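Q: Sharing upload_8.txt here; it has compact mmCIF, C-alpha atoms.
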# COMPACT_ATOMS: atom_id res chain seq x y z
CA VAL V 250 -213.57 116.61 -9.42
CA CYS V 251 -213.17 115.21 -12.92
CA PRO V 252 -216.26 116.04 -15.06
CA MET V 253 -215.82 112.77 -16.95
CA CYS V 254 -215.19 110.10 -14.32
CA GLY V 255 -216.06 111.98 -11.12
CA GLU V 256 -212.79 111.13 -9.40
CA MET V 257 -211.08 113.59 -7.06
CA SER V 258 -207.56 114.75 -7.93
CA LYS V 259 -205.10 117.56 -7.19
CA ALA V 260 -204.06 120.41 -9.47
CA ASP V 261 -201.19 122.89 -9.23
CA VAL V 262 -202.49 126.48 -9.05
CA TYR V 263 -200.19 129.49 -9.24
CA THR V 264 -201.27 132.76 -7.64
CA SER V 265 -198.25 134.79 -8.75
CA ILE V 266 -195.33 134.20 -11.13
CA ASN V 267 -192.19 136.19 -11.86
CA PRO V 268 -190.32 135.32 -15.09
CA SER V 269 -187.18 137.02 -13.76
CA VAL V 270 -187.06 134.62 -10.81
CA THR V 271 -188.54 131.36 -12.08
CA LYS V 272 -186.86 129.97 -15.18
CA GLY V 273 -189.22 128.80 -17.92
CA VAL V 274 -192.38 130.12 -16.26
CA ARG V 275 -192.94 132.69 -19.02
CA ARG V 276 -193.13 130.02 -21.71
CA ARG V 277 -195.39 127.84 -19.57
CA ALA V 278 -197.72 130.78 -18.98
CA LEU V 279 -197.95 131.86 -22.61
CA ASP V 280 -198.48 128.39 -24.08
CA GLY V 281 -201.09 127.58 -21.44
CA GLU V 282 -199.14 124.84 -19.67
CA LEU V 283 -199.66 126.51 -16.29
CA PHE V 284 -203.41 126.18 -16.76
CA ALA V 285 -203.41 122.65 -18.15
CA TRP V 286 -204.89 119.80 -16.10
CA LYS V 287 -205.19 116.08 -16.76
CA CYS V 288 -207.20 113.59 -14.77
CA PRO V 289 -204.89 110.83 -13.48
CA SER V 290 -207.77 108.36 -13.46
CA CYS V 291 -209.31 108.62 -16.94
CA GLY V 292 -206.88 110.92 -18.77
CA TYR V 293 -209.44 113.67 -19.41
CA SER V 294 -207.70 117.03 -20.17
CA ALA V 295 -208.95 120.54 -19.54
CA ARG V 296 -207.72 124.10 -19.12
CA LEU V 297 -208.21 125.56 -15.66
CA THR V 298 -209.07 129.23 -15.29
CA TYR V 299 -208.05 130.94 -12.08
CA PRO V 300 -206.65 134.32 -11.01
CA ILE V 301 -202.91 134.69 -11.52
CA LEU V 302 -200.56 137.67 -11.31
CA TYR V 303 -197.81 137.91 -13.91
CA ASN V 304 -195.14 140.09 -12.31
CA ASP V 305 -192.36 141.09 -14.73
CA MET V 306 -190.05 143.31 -12.71
CA LYS V 307 -187.43 143.46 -15.47
CA ASN V 308 -189.84 145.14 -17.90
CA ARG V 309 -191.70 146.89 -15.07
CA PHE V 310 -195.25 145.67 -15.60
CA MET V 311 -197.85 143.47 -13.93
CA VAL V 312 -200.76 141.71 -15.61
CA TYR V 313 -203.44 140.31 -13.33
CA PHE V 314 -205.52 137.64 -15.07
CA ILE V 315 -208.91 137.45 -13.34
CA PRO V 316 -211.38 135.42 -15.44
CA LYS V 317 -214.49 137.38 -16.53
CA ILE V 318 -213.69 140.46 -14.44
CA ASP V 319 -215.73 143.48 -15.53
CA HIS V 320 -214.30 146.22 -13.28
CA PHE V 321 -212.34 149.09 -14.83
CA GLN V 322 -210.17 149.52 -11.74
CA LEU V 323 -209.07 147.07 -9.09
CA CYS V 324 -207.29 148.27 -5.97
CA ASP V 325 -205.74 145.36 -4.11
CA ASN V 326 -204.53 146.87 -0.83
CA GLU V 327 -202.37 143.86 -0.05
CA LEU V 328 -200.59 144.04 -3.41
CA GLU V 329 -200.28 147.82 -3.25
CA GLU V 330 -198.65 147.57 0.17
CA LYS V 331 -196.39 144.72 -0.93
CA TYR V 332 -195.04 146.70 -3.89
CA SER V 333 -195.41 150.18 -2.41
CA ASN V 334 -191.73 150.99 -2.94
CA LEU V 335 -191.98 150.42 -6.70
CA ARG V 336 -192.63 153.33 -9.06
CA ASN V 337 -193.62 153.61 -12.72
CA ILE V 338 -195.04 150.08 -12.90
CA SER V 339 -197.80 149.46 -15.46
CA LYS V 340 -200.56 147.41 -13.79
CA ARG V 341 -203.40 145.86 -15.74
CA ILE V 342 -206.28 143.46 -15.18
CA VAL V 343 -207.53 141.22 -17.99
CA PRO V 344 -210.58 138.90 -18.19
CA THR V 345 -209.42 136.35 -20.79
CA PHE V 346 -206.39 134.20 -21.51
CA ASN V 347 -205.87 135.78 -24.96
CA SER V 348 -205.87 139.30 -23.53
CA PHE V 349 -203.48 138.06 -20.84
CA LYS V 350 -200.98 136.93 -23.49
CA GLU V 351 -201.48 140.09 -25.54
CA LYS V 352 -200.72 142.44 -22.65
CA ILE V 353 -197.50 140.58 -21.93
CA PHE V 354 -196.50 140.86 -25.61
CA ILE V 355 -197.32 144.58 -25.68
CA PHE V 356 -195.28 145.47 -22.62
CA GLU V 357 -192.37 143.23 -23.58
CA SER V 358 -192.27 145.05 -26.93
CA GLY V 359 -191.93 148.39 -25.12
CA LEU V 360 -195.29 149.65 -26.36
CA ASP V 361 -197.96 151.67 -24.59
CA ASP V 362 -201.03 149.45 -24.25
CA MET V 363 -203.45 152.40 -24.20
CA SER V 364 -202.15 153.54 -27.58
CA VAL V 365 -202.26 149.97 -28.89
CA GLU V 366 -205.92 149.62 -27.89
CA LEU V 367 -206.82 152.88 -29.64
CA THR V 368 -204.87 151.86 -32.75
CA LYS V 369 -206.55 148.45 -32.74
CA LEU V 370 -209.99 150.06 -32.55
CA ALA V 371 -209.28 152.49 -35.40
CA ILE V 372 -207.99 149.71 -37.66
CA SER V 373 -210.92 147.43 -36.77
CA GLN V 374 -213.27 149.97 -38.32
CA THR V 375 -211.29 149.78 -41.56
CA VAL V 376 -211.41 145.98 -41.44
CA SER V 377 -215.18 146.02 -40.95
CA LYS V 378 -215.59 148.21 -44.04
CA LYS V 379 -213.36 145.90 -46.07
CA LEU V 380 -215.55 142.96 -45.07
CA ASN V 381 -218.80 144.72 -45.99
CA GLY V 382 -219.69 145.72 -42.45
CA ALA V 383 -218.83 142.43 -40.78
CA GLU V 384 -218.92 142.49 -36.99
CA ILE V 385 -215.54 142.56 -35.26
CA HIS V 386 -215.72 140.43 -32.12
CA ASP V 387 -212.17 140.51 -30.78
CA GLY V 388 -208.78 141.73 -31.88
CA TYR V 389 -205.24 141.22 -30.64
CA LEU V 390 -201.82 142.61 -31.41
CA SER V 391 -200.05 139.71 -33.12
CA MET V 392 -197.02 141.33 -34.76
CA TYR V 393 -194.69 144.25 -34.13
CA ASP V 394 -191.66 145.09 -36.29
CA ARG V 395 -190.06 148.40 -35.44
CA GLU V 396 -187.39 148.15 -38.14
CA ARG V 397 -190.02 147.68 -40.85
CA ASN V 398 -192.28 150.31 -39.28
CA THR V 399 -195.15 147.83 -39.10
CA MET V 400 -197.54 146.31 -36.59
CA GLY V 401 -200.24 143.73 -37.18
CA PHE V 402 -203.52 142.72 -35.56
CA THR V 403 -205.55 139.53 -35.73
CA TYR V 404 -209.32 140.12 -35.63
CA PHE V 405 -212.09 137.56 -35.26
CA THR V 406 -214.92 138.53 -37.60
CA GLY V 407 -218.43 137.57 -38.63
CA GLU V 408 -220.71 134.86 -37.30
CA LYS V 409 -218.01 132.20 -37.46
CA HIS V 410 -215.37 134.40 -35.79
CA THR V 411 -213.14 133.99 -38.82
CA PRO V 412 -209.59 135.28 -38.17
CA TYR V 413 -208.48 138.24 -40.29
CA VAL V 414 -204.97 139.71 -40.14
CA GLN V 415 -204.48 143.41 -40.84
CA THR V 416 -201.13 145.23 -40.81
CA ALA V 417 -200.60 148.96 -40.40
CA ARG V 418 -197.84 151.53 -40.37
CA LEU V 419 -196.58 152.72 -37.01
CA GLU V 420 -197.67 156.27 -37.84
CA ILE V 421 -201.18 155.28 -36.73
CA TYR V 422 -199.80 154.11 -33.39
CA VAL V 423 -197.85 157.38 -33.03
CA LYS V 424 -201.01 159.41 -33.66
CA SER V 425 -202.90 157.24 -31.17
CA LYS V 426 -200.23 157.90 -28.57
CA LYS V 427 -200.61 161.67 -29.04
CA ILE V 428 -204.38 161.34 -28.53
CA VAL V 429 -203.87 159.20 -25.43
CA ASP V 430 -201.34 161.64 -23.97
CA SER V 431 -203.84 164.44 -24.54
CA LEU V 432 -207.06 162.78 -23.32
CA ALA V 433 -206.03 159.94 -20.99
CA TYR V 434 -203.46 161.66 -18.78
CA LYS V 435 -205.76 161.23 -15.76
CA ASP V 436 -206.06 157.49 -16.36
CA LYS V 437 -202.28 157.20 -16.44
CA LYS V 438 -202.17 158.63 -12.90
CA LEU V 439 -204.73 156.23 -11.43
CA LYS V 440 -203.59 153.73 -8.82
CA GLY V 441 -204.31 150.04 -8.83
CA PHE V 442 -204.86 147.66 -11.71
CA LEU V 443 -206.70 149.07 -14.74
CA LYS V 444 -208.71 147.32 -17.42
CA ILE V 445 -207.58 148.90 -20.68
CA ASP V 446 -209.61 147.30 -23.46
CA ARG V 447 -211.89 148.05 -26.42
CA GLU V 448 -214.54 149.68 -24.24
CA TRP V 449 -211.93 152.03 -22.81
CA ALA V 450 -210.64 152.84 -26.30
CA GLU V 451 -214.16 153.55 -27.59
CA ASN V 452 -214.59 156.16 -24.87
CA ILE V 453 -211.31 157.85 -25.79
CA LEU V 454 -212.16 157.81 -29.51
CA TYR V 455 -215.60 159.32 -28.81
CA ARG V 456 -214.03 162.14 -26.80
CA TYR V 457 -211.46 162.77 -29.53
CA LYS V 458 -214.09 162.98 -32.30
CA ARG V 459 -216.21 165.27 -30.14
CA MET V 460 -213.20 167.52 -29.48
CA LYS V 461 -212.38 167.75 -33.21
CA HIS V 462 -216.03 168.49 -34.02
CA ILE V 463 -216.09 171.34 -31.50
CA GLU V 464 -212.80 172.68 -32.89
CA LYS V 465 -214.28 172.64 -36.40
CA LEU V 466 -217.42 174.49 -35.27
CA ASN V 467 -215.34 177.11 -33.44
CA LYS V 468 -213.19 177.61 -36.53
CA LEU V 469 -216.29 178.11 -38.70
CA LYS V 470 -217.64 180.63 -36.18
CA GLU V 471 -214.35 182.53 -36.20
CA GLU V 472 -214.33 182.61 -40.00
CA ALA V 473 -217.92 183.83 -40.07
CA VAL V 474 -217.16 186.59 -37.57
CA THR V 475 -214.12 187.63 -39.62
CA VAL V 476 -216.17 187.86 -42.83
CA VAL V 477 -218.91 189.89 -41.16
CA SER V 478 -216.35 192.20 -39.52
CA ARG V 479 -214.65 192.83 -42.85
CA PHE V 480 -217.97 193.57 -44.52
CA PHE V 481 -218.99 196.20 -41.99
CA TRP V 482 -215.49 197.73 -41.93
CA PHE V 483 -215.47 198.26 -45.69
CA LYS V 484 -219.09 199.40 -45.65
CA LYS V 485 -218.11 202.06 -43.14
CA HIS V 486 -214.83 203.24 -44.69
CA LEU V 487 -215.21 202.72 -48.45
CA GLN V 488 -217.58 204.02 -51.08
CA ILE V 489 -217.37 202.35 -54.47
CA SER V 490 -218.12 205.16 -56.97
CA ASP V 491 -216.88 203.98 -60.31
CA ILE V 492 -216.99 200.22 -60.94
CA TYR V 493 -216.33 198.90 -64.37
CA THR V 494 -218.57 196.35 -66.00
CA VAL V 495 -217.77 192.70 -65.38
CA ASN V 496 -215.97 192.48 -68.73
CA ASN V 497 -213.85 195.50 -67.97
CA ILE V 498 -213.09 194.16 -64.48
CA ARG V 499 -211.78 190.93 -65.95
CA LYS V 500 -209.77 192.92 -68.47
CA HIS V 501 -208.25 195.57 -66.25
CA LYS V 502 -208.40 193.85 -62.81
CA LEU V 503 -208.79 197.30 -61.30
CA VAL V 504 -211.54 199.17 -59.49
CA LYS V 505 -211.60 202.86 -58.74
CA ALA V 506 -212.52 203.50 -55.17
CA LYS V 507 -212.82 206.57 -53.03
CA CYS V 508 -211.83 206.34 -49.40
CA THR V 509 -213.66 208.59 -46.96
CA LYS V 510 -210.38 209.29 -45.20
CA ASN V 511 -208.29 209.69 -48.38
CA GLN V 512 -210.41 211.19 -51.15
CA GLY V 513 -209.28 210.72 -54.71
CA SER V 514 -206.99 207.73 -54.17
CA THR V 515 -207.14 204.71 -56.48
CA GLN V 516 -206.86 201.23 -54.88
CA ARG V 517 -206.97 197.62 -56.00
CA ALA V 518 -210.21 196.10 -54.74
CA ASP V 519 -210.46 192.82 -52.86
CA PRO V 520 -212.12 190.15 -55.01
CA PHE V 521 -214.98 189.58 -52.59
CA LEU V 522 -216.01 193.25 -52.99
CA ILE V 523 -216.48 192.79 -56.75
CA TYR V 524 -218.54 189.62 -56.94
Let's see the structure in the file written out as structure tokens.
A:
Amino acid sequence: VCPMCGEMSKADVYTSINPSVTKGVRRRALDGELFAWKCPSCGYSARLTYPILYNDMKNRFMVYFIPKIDHFQLCDNELEEKYSNLRNISKRIVPTFNSFKEKIFIFESGLDDMSVELTKLAISQTVSKKLNGAEIHDGYLSMYDRERNTMGFTYFTGEKHTPYVQTARLEIYVKSKKIVDSLAYKDKKLKGFLKIDREWAENILYRYKRMKHIEKLNKLKEEAVTVVSRFFWFKKHLQISDIYTVNNIRKHKLVKAKCTKNQGSTQRADPFLIY
């Protein structure tokens, strides 16, 4: 039903498309032509939103566009059974048309979308600081140049959702991939279609920061234990009997020490024993 004139009309709806089979369908999907509708009576135009599966068997990925979906994981038994003989296929669900186009671009570029999401999140924090704490609403991978070692993201910022483009070196993506391989290996093994987005990346980044914080605390504990152990070892085995004044220490850099196990020997003292 046309919202302008109220007339009934038909619309072509695609449930699944395969760019390797249907010529030109990729372009029509990315430029929105597949979702375009025009009323034959009054000429009113609109974009339809409906579930559609983009099945790229050449690049071995599937992107399931389901408007406003909020599930992390979707297991479609019919689809799983239909493609049960296929292995190593990346399967994703997305809630918006922009994220639908982005996922296709990511996989066609040979990138790992989990690592891209983590990279995008890390860079968005830098963008927010540059813009004096402006809110980052959405962000999408908009450029990838392997030869120039660069990738770029377009963010929508502030109250007016002003677009802001930020480029970055691929080293950030490489580091993100190492983090993902370390912390998201279970997610990579999950079956069904997964929603890999900012919320997912925030969880991974939180776990990474927590892991590094724990590592830092453990390192400080180890250093403290080492210092205490050294102190009690020297307290037990050494007796400082003839220490020069501070001026003489700086001049001669030598301290006479007597060892309980080797009386009469002269040794160079560790600096922490002097001060």
Q: For the point (-202.3, 122.0, -9.8) in file coordinates, what residues are within 10 Å, counting all atoms listed in the file? Give the answer as a list in words?
A: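 Neighbouring residues, ordered by chain and number, come to Ser258, Lys259, Ala260, Asp261, Val262, Tyr263, Leu283, Phe284, Ala285, Trp286, Lys287 and Leu297 of chain V.
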Q: Set the distance at 12 Å and use only C-alpha atoms: which residues neighbour Glu420 in chain V once local chain neighbours fewer than 2 positions away are removed? I'd like the list as a count of residues only.
A: 17
Q: Between CA of Arg456 in chain V and CA of Arg336 in chain V, what distance in Å does the model show, to one decimal?
A: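 So the answer is 29.2 Å.
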Q: Could you pull the residues within 8 Å of range 312-317 of chain V, counting all atoms listed in the file, minus those fewer than 4 positions along the same chain, as JSON, numbers by chain?
A: {"V": [298, 299, 300, 301, 302, 303, 304, 340, 341, 342, 343, 344, 345, 346, 349, 352, 353, 442]}
Q: Name all residues at most 12 Å from Ala371 in chain V (count only C-alpha atoms; drop same-chain ones fewer than 3 positions away) and give them as an NGL selection string.
A: :V and (364-368 or 374-378 or 385 or 388 or 402 or 415 or 417 or 421-422 or 424-425 or 447 or 450-451 or 453-455 or 458)
Q: So which residues fall inside 10 Å of (-190.5, 142.0, -15.3) if we count all atoms listed in the file? Mind giving them as a PDB file with C-alpha atoms, in the frame of the given file?
A:
ATOM      1  CA  ASN V 267    -192.190 136.190 -11.860  1.00  0.00           C
ATOM      2  CA  PRO V 268    -190.320 135.320 -15.090  1.00  0.00           C
ATOM      3  CA  SER V 269    -187.180 137.020 -13.760  1.00  0.00           C
ATOM      4  CA  VAL V 270    -187.060 134.620 -10.810  1.00  0.00           C
ATOM      5  CA  TYR V 303    -197.810 137.910 -13.910  1.00  0.00           C
ATOM      6  CA  ASN V 304    -195.140 140.090 -12.310  1.00  0.00           C
ATOM      7  CA  ASP V 305    -192.360 141.090 -14.730  1.00  0.00           C
ATOM      8  CA  MET V 306    -190.050 143.310 -12.710  1.00  0.00           C
ATOM      9  CA  LYS V 307    -187.430 143.460 -15.470  1.00  0.00           C
ATOM     10  CA  ASN V 308    -189.840 145.140 -17.900  1.00  0.00           C
ATOM     11  CA  ARG V 309    -191.700 146.890 -15.070  1.00  0.00           C
ATOM     12  CA  PHE V 310    -195.250 145.670 -15.600  1.00  0.00           C
ATOM     13  CA  MET V 311    -197.850 143.470 -13.930  1.00  0.00           C
ATOM     14  CA  ILE V 338    -195.040 150.080 -12.900  1.00  0.00           C
ATOM     15  CA  ILE V 353    -197.500 140.580 -21.930  1.00  0.00           C
ATOM     16  CA  PHE V 356    -195.280 145.470 -22.620  1.00  0.00           C
ATOM     17  CA  GLU V 357    -192.370 143.230 -23.580  1.00  0.00           C
TER      18      GLU V 357
END
Q: Just give me the gap between CA of Leu360 in chain V and CA of Gly401 in chain V in Å, one decimal is fine.
A: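 According to the coordinates, CA of Leu360 in chain V and CA of Gly401 in chain V are separated by 13.3 Å.
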Q: Which residue out of V:His320, V:Asp394, V:Lys435, V:Ile463 has the minimum interatomic distance to Glu448 in chain V when all atoms listed in the file are used?
A: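 Smallest distance to Glu448 in chain V is found for V:His320.
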Q: Interatomic distance between CA of Val474 in chain V and CA of His462 in chain V?
A: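 Those two atoms sit 18.5 Å apart.
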Q: Which residue, V:Ala433, V:Cys251, V:Leu419, V:Ile372, has the smallest gap to Tyr404 in chain V when you use all atoms listed in the file?
A: V:Ile372
Q: What lies within 9 Å of Glu351 in chain V using all atoms listed in the file, ignoring chain neighbours under 6 positions off, as a list in words?
A: Tyr389, Leu390 and Ser391 of chain V
Q: For range 322-328 of chain V, work out the shell of residues within 9 Å, counting only C-alpha atoms and skipping chain neighbours fewer than 4 positions away, then give it as a ChimeraX atom specification.
A: /V:332-333,341-342,439-444
Q: Taking all atoms listed in the file into account, name the residue in V:Glu256, V:Tyr393, V:Ser373, V:Met460 that is nearest to Phe405 in chain V.
A: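 Of V:Glu256, V:Tyr393, V:Ser373, V:Met460, the one nearest Phe405 in chain V, counting all atoms listed in the file, is V:Ser373.
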Q: Export range 366-470 of chain V of the preceding structure, keeping C-alpha atoms, as a PDB file, in the first residue's frame.
A:
ATOM      1  CA  GLU V 366      35.567  -3.957  14.427  1.00  0.00           C
ATOM      2  CA  LEU V 367      38.212  -3.851  17.168  1.00  0.00           C
ATOM      3  CA  THR V 368      40.398  -1.518  15.092  1.00  0.00           C
ATOM      4  CA  LYS V 369      37.409   0.713  14.371  1.00  0.00           C
ATOM      5  CA  LEU V 370      36.588   0.944  18.081  1.00  0.00           C
ATOM      6  CA  ALA V 371      40.166   1.796  19.073  1.00  0.00           C
ATOM      7  CA  ILE V 372      40.415   4.538  16.441  1.00  0.00           C
ATOM      8  CA  SER V 373      36.990   5.939  17.365  1.00  0.00           C
ATOM      9  CA  GLN V 374      38.332   6.737  20.824  1.00  0.00           C
ATOM     10  CA  THR V 375      41.129   8.756  19.230  1.00  0.00           C
ATOM     11  CA  VAL V 376      38.609  10.561  17.026  1.00  0.00           C
ATOM     12  CA  SER V 377      36.463  11.430  20.044  1.00  0.00           C
ATOM     13  CA  LYS V 378      39.475  12.975  21.791  1.00  0.00           C
ATOM     14  CA  LYS V 379      40.348  14.978  18.684  1.00  0.00           C
ATOM     15  CA  LEU V 380      36.811  16.365  18.620  1.00  0.00           C
ATOM     16  CA  ASN V 381      36.837  17.341  22.303  1.00  0.00           C
ATOM     17  CA  GLY V 382      34.912  14.320  23.501  1.00  0.00           C
ATOM     18  CA  ALA V 383      32.277  14.294  20.773  1.00  0.00           C
ATOM     19  CA  GLU V 384      30.007  11.256  20.763  1.00  0.00           C
ATOM     20  CA  ILE V 385      30.713   8.680  18.058  1.00  0.00           C
ATOM     21  CA  HIS V 386      27.418   7.273  16.818  1.00  0.00           C
ATOM     22  CA  ASP V 387      28.438   4.952  13.994  1.00  0.00           C
ATOM     23  CA  GLY V 388      31.559   4.079  12.070  1.00  0.00           C
ATOM     24  CA  TYR V 389      32.272   2.126   8.901  1.00  0.00           C
ATOM     25  CA  LEU V 390      35.315   0.906   7.041  1.00  0.00           C
ATOM     26  CA  SER V 391      35.392   3.094   3.935  1.00  0.00           C
ATOM     27  CA  MET V 392      38.907   2.588   2.549  1.00  0.00           C
ATOM     28  CA  TYR V 393      41.533  -0.148   2.437  1.00  0.00           C
ATOM     29  CA  ASP V 394      44.860   0.144   0.603  1.00  0.00           C
ATOM     30  CA  ARG V 395      47.234  -2.704   1.296  1.00  0.00           C
ATOM     31  CA  GLU V 396      50.017  -1.321  -0.894  1.00  0.00           C
ATOM     32  CA  ARG V 397      50.024   1.981   1.000  1.00  0.00           C
ATOM     33  CA  ASN V 398      49.616   0.201   4.345  1.00  0.00           C
ATOM     34  CA  THR V 399      46.511   2.244   5.120  1.00  0.00           C
ATOM     35  CA  MET V 400      42.873   1.792   6.026  1.00  0.00           C
ATOM     36  CA  GLY V 401      40.246   4.446   6.635  1.00  0.00           C
ATOM     37  CA  PHE V 402      37.006   4.755   8.589  1.00  0.00           C
ATOM     38  CA  THR V 403      34.088   7.147   8.291  1.00  0.00           C
ATOM     39  CA  TYR V 404      32.514   8.066  11.636  1.00  0.00           C
ATOM     40  CA  PHE V 405      29.302   9.965  12.297  1.00  0.00           C
ATOM     41  CA  THR V 406      29.889  12.326  15.202  1.00  0.00           C
ATOM     42  CA  GLY V 407      28.142  14.818  17.446  1.00  0.00           C
ATOM     43  CA  GLU V 408      24.508  15.852  17.595  1.00  0.00           C
ATOM     44  CA  LYS V 409      24.281  16.370  13.835  1.00  0.00           C
ATOM     45  CA  HIS V 410      25.989  13.058  13.013  1.00  0.00           C
ATOM     46  CA  THR V 411      28.656  14.927  11.079  1.00  0.00           C
ATOM     47  CA  PRO V 412      30.850  12.562   9.016  1.00  0.00           C
ATOM     48  CA  TYR V 413      34.527  12.437   9.982  1.00  0.00           C
ATOM     49  CA  VAL V 414      37.113  10.401   8.075  1.00  0.00           C
ATOM     50  CA  GLN V 415      40.108   8.978   9.938  1.00  0.00           C
ATOM     51  CA  THR V 416      42.901   6.925   8.371  1.00  0.00           C
ATOM     52  CA  ALA V 417      45.271   4.591  10.191  1.00  0.00           C
ATOM     53  CA  ARG V 418      48.254   2.367   9.538  1.00  0.00           C
ATOM     54  CA  LEU V 419      47.621  -1.344   9.146  1.00  0.00           C
ATOM     55  CA  GLU V 420      49.804  -2.045  12.188  1.00  0.00           C
ATOM     56  CA  ILE V 421      46.763  -1.258  14.353  1.00  0.00           C
ATOM     57  CA  TYR V 422      44.734  -3.838  12.437  1.00  0.00           C
ATOM     58  CA  VAL V 423      47.545  -6.394  12.845  1.00  0.00           C
ATOM     59  CA  LYS V 424      47.614  -5.806  16.607  1.00  0.00           C
ATOM     60  CA  SER V 425      43.825  -6.096  16.733  1.00  0.00           C
ATOM     61  CA  LYS V 426      44.024  -9.416  14.921  1.00  0.00           C
ATOM     62  CA  LYS V 427      46.480 -10.754  17.513  1.00  0.00           C
ATOM     63  CA  ILE V 428      44.083  -9.722  20.293  1.00  0.00           C
ATOM     64  CA  VAL V 429      41.145 -11.334  18.503  1.00  0.00           C
ATOM     65  CA  ASP V 430      43.078 -14.564  17.917  1.00  0.00           C
ATOM     66  CA  SER V 431      43.924 -14.630  21.620  1.00  0.00           C
ATOM     67  CA  LEU V 432      40.550 -13.696  23.141  1.00  0.00           C
ATOM     68  CA  ALA V 433      37.892 -14.524  20.528  1.00  0.00           C
ATOM     69  CA  TYR V 434      38.937 -18.015  19.454  1.00  0.00           C
ATOM     70  CA  LYS V 435      35.721 -19.444  20.926  1.00  0.00           C
ATOM     71  CA  ASP V 436      33.572 -17.021  18.929  1.00  0.00           C
ATOM     72  CA  LYS V 437      35.328 -18.110  15.745  1.00  0.00           C
ATOM     73  CA  LYS V 438      34.171 -21.689  16.410  1.00  0.00           C
ATOM     74  CA  LEU V 439      30.510 -20.814  16.953  1.00  0.00           C
ATOM     75  CA  LYS V 440      27.958 -22.078  14.451  1.00  0.00           C
ATOM     76  CA  GLY V 441      25.279 -20.014  12.795  1.00  0.00           C
ATOM     77  CA  PHE V 442      25.227 -16.345  11.883  1.00  0.00           C
ATOM     78  CA  LEU V 443      26.998 -13.984  14.301  1.00  0.00           C
ATOM     79  CA  LYS V 444      26.489 -10.287  14.932  1.00  0.00           C
ATOM     80  CA  ILE V 445      29.993  -8.833  15.084  1.00  0.00           C
ATOM     81  CA  ASP V 446      29.623  -5.126  15.824  1.00  0.00           C
ATOM     82  CA  ARG V 447      30.719  -2.345  18.184  1.00  0.00           C
ATOM     83  CA  GLU V 448      29.117  -3.992  21.216  1.00  0.00           C
ATOM     84  CA  TRP V 449      31.052  -7.174  20.512  1.00  0.00           C
ATOM     85  CA  ALA V 450      34.290  -5.213  20.078  1.00  0.00           C
ATOM     86  CA  GLU V 451      33.742  -3.329  23.354  1.00  0.00           C
ATOM     87  CA  ASN V 452      33.538  -6.646  25.188  1.00  0.00           C
ATOM     88  CA  ILE V 453      36.796  -7.852  23.621  1.00  0.00           C
ATOM     89  CA  LEU V 454      38.565  -4.562  24.395  1.00  0.00           C
ATOM     90  CA  TYR V 455      37.377  -4.691  28.020  1.00  0.00           C
ATOM     91  CA  ARG V 456      38.730  -8.221  28.412  1.00  0.00           C
ATOM     92  CA  TYR V 457      42.044  -7.211  26.835  1.00  0.00           C
ATOM     93  CA  LYS V 458      42.505  -4.201  29.139  1.00  0.00           C
ATOM     94  CA  ARG V 459      41.600  -6.334  32.151  1.00  0.00           C
ATOM     95  CA  MET V 460      44.122  -8.988  31.083  1.00  0.00           C
ATOM     96  CA  LYS V 461      46.906  -6.387  30.685  1.00  0.00           C
ATOM     97  CA  HIS V 462      46.025  -4.863  34.064  1.00  0.00           C
ATOM     98  CA  ILE V 463      46.287  -8.260  35.756  1.00  0.00           C
ATOM     99  CA  GLU V 464      49.604  -8.920  33.993  1.00  0.00           C
ATOM    100  CA  LYS V 465      50.927  -5.580  35.260  1.00  0.00           C
ATOM    101  CA  LEU V 466      49.847  -6.331  38.839  1.00  0.00           C
ATOM    102  CA  ASN V 467      51.443  -9.787  38.703  1.00  0.00           C
ATOM    103  CA  LYS V 468      54.670  -8.283  37.396  1.00  0.00           C
ATOM    104  CA  LEU V 469      54.725  -5.737  40.230  1.00  0.00           C
ATOM    105  CA  LYS V 470      54.131  -8.533  42.748  1.00  0.00           C
TER     106      LYS V 470
END
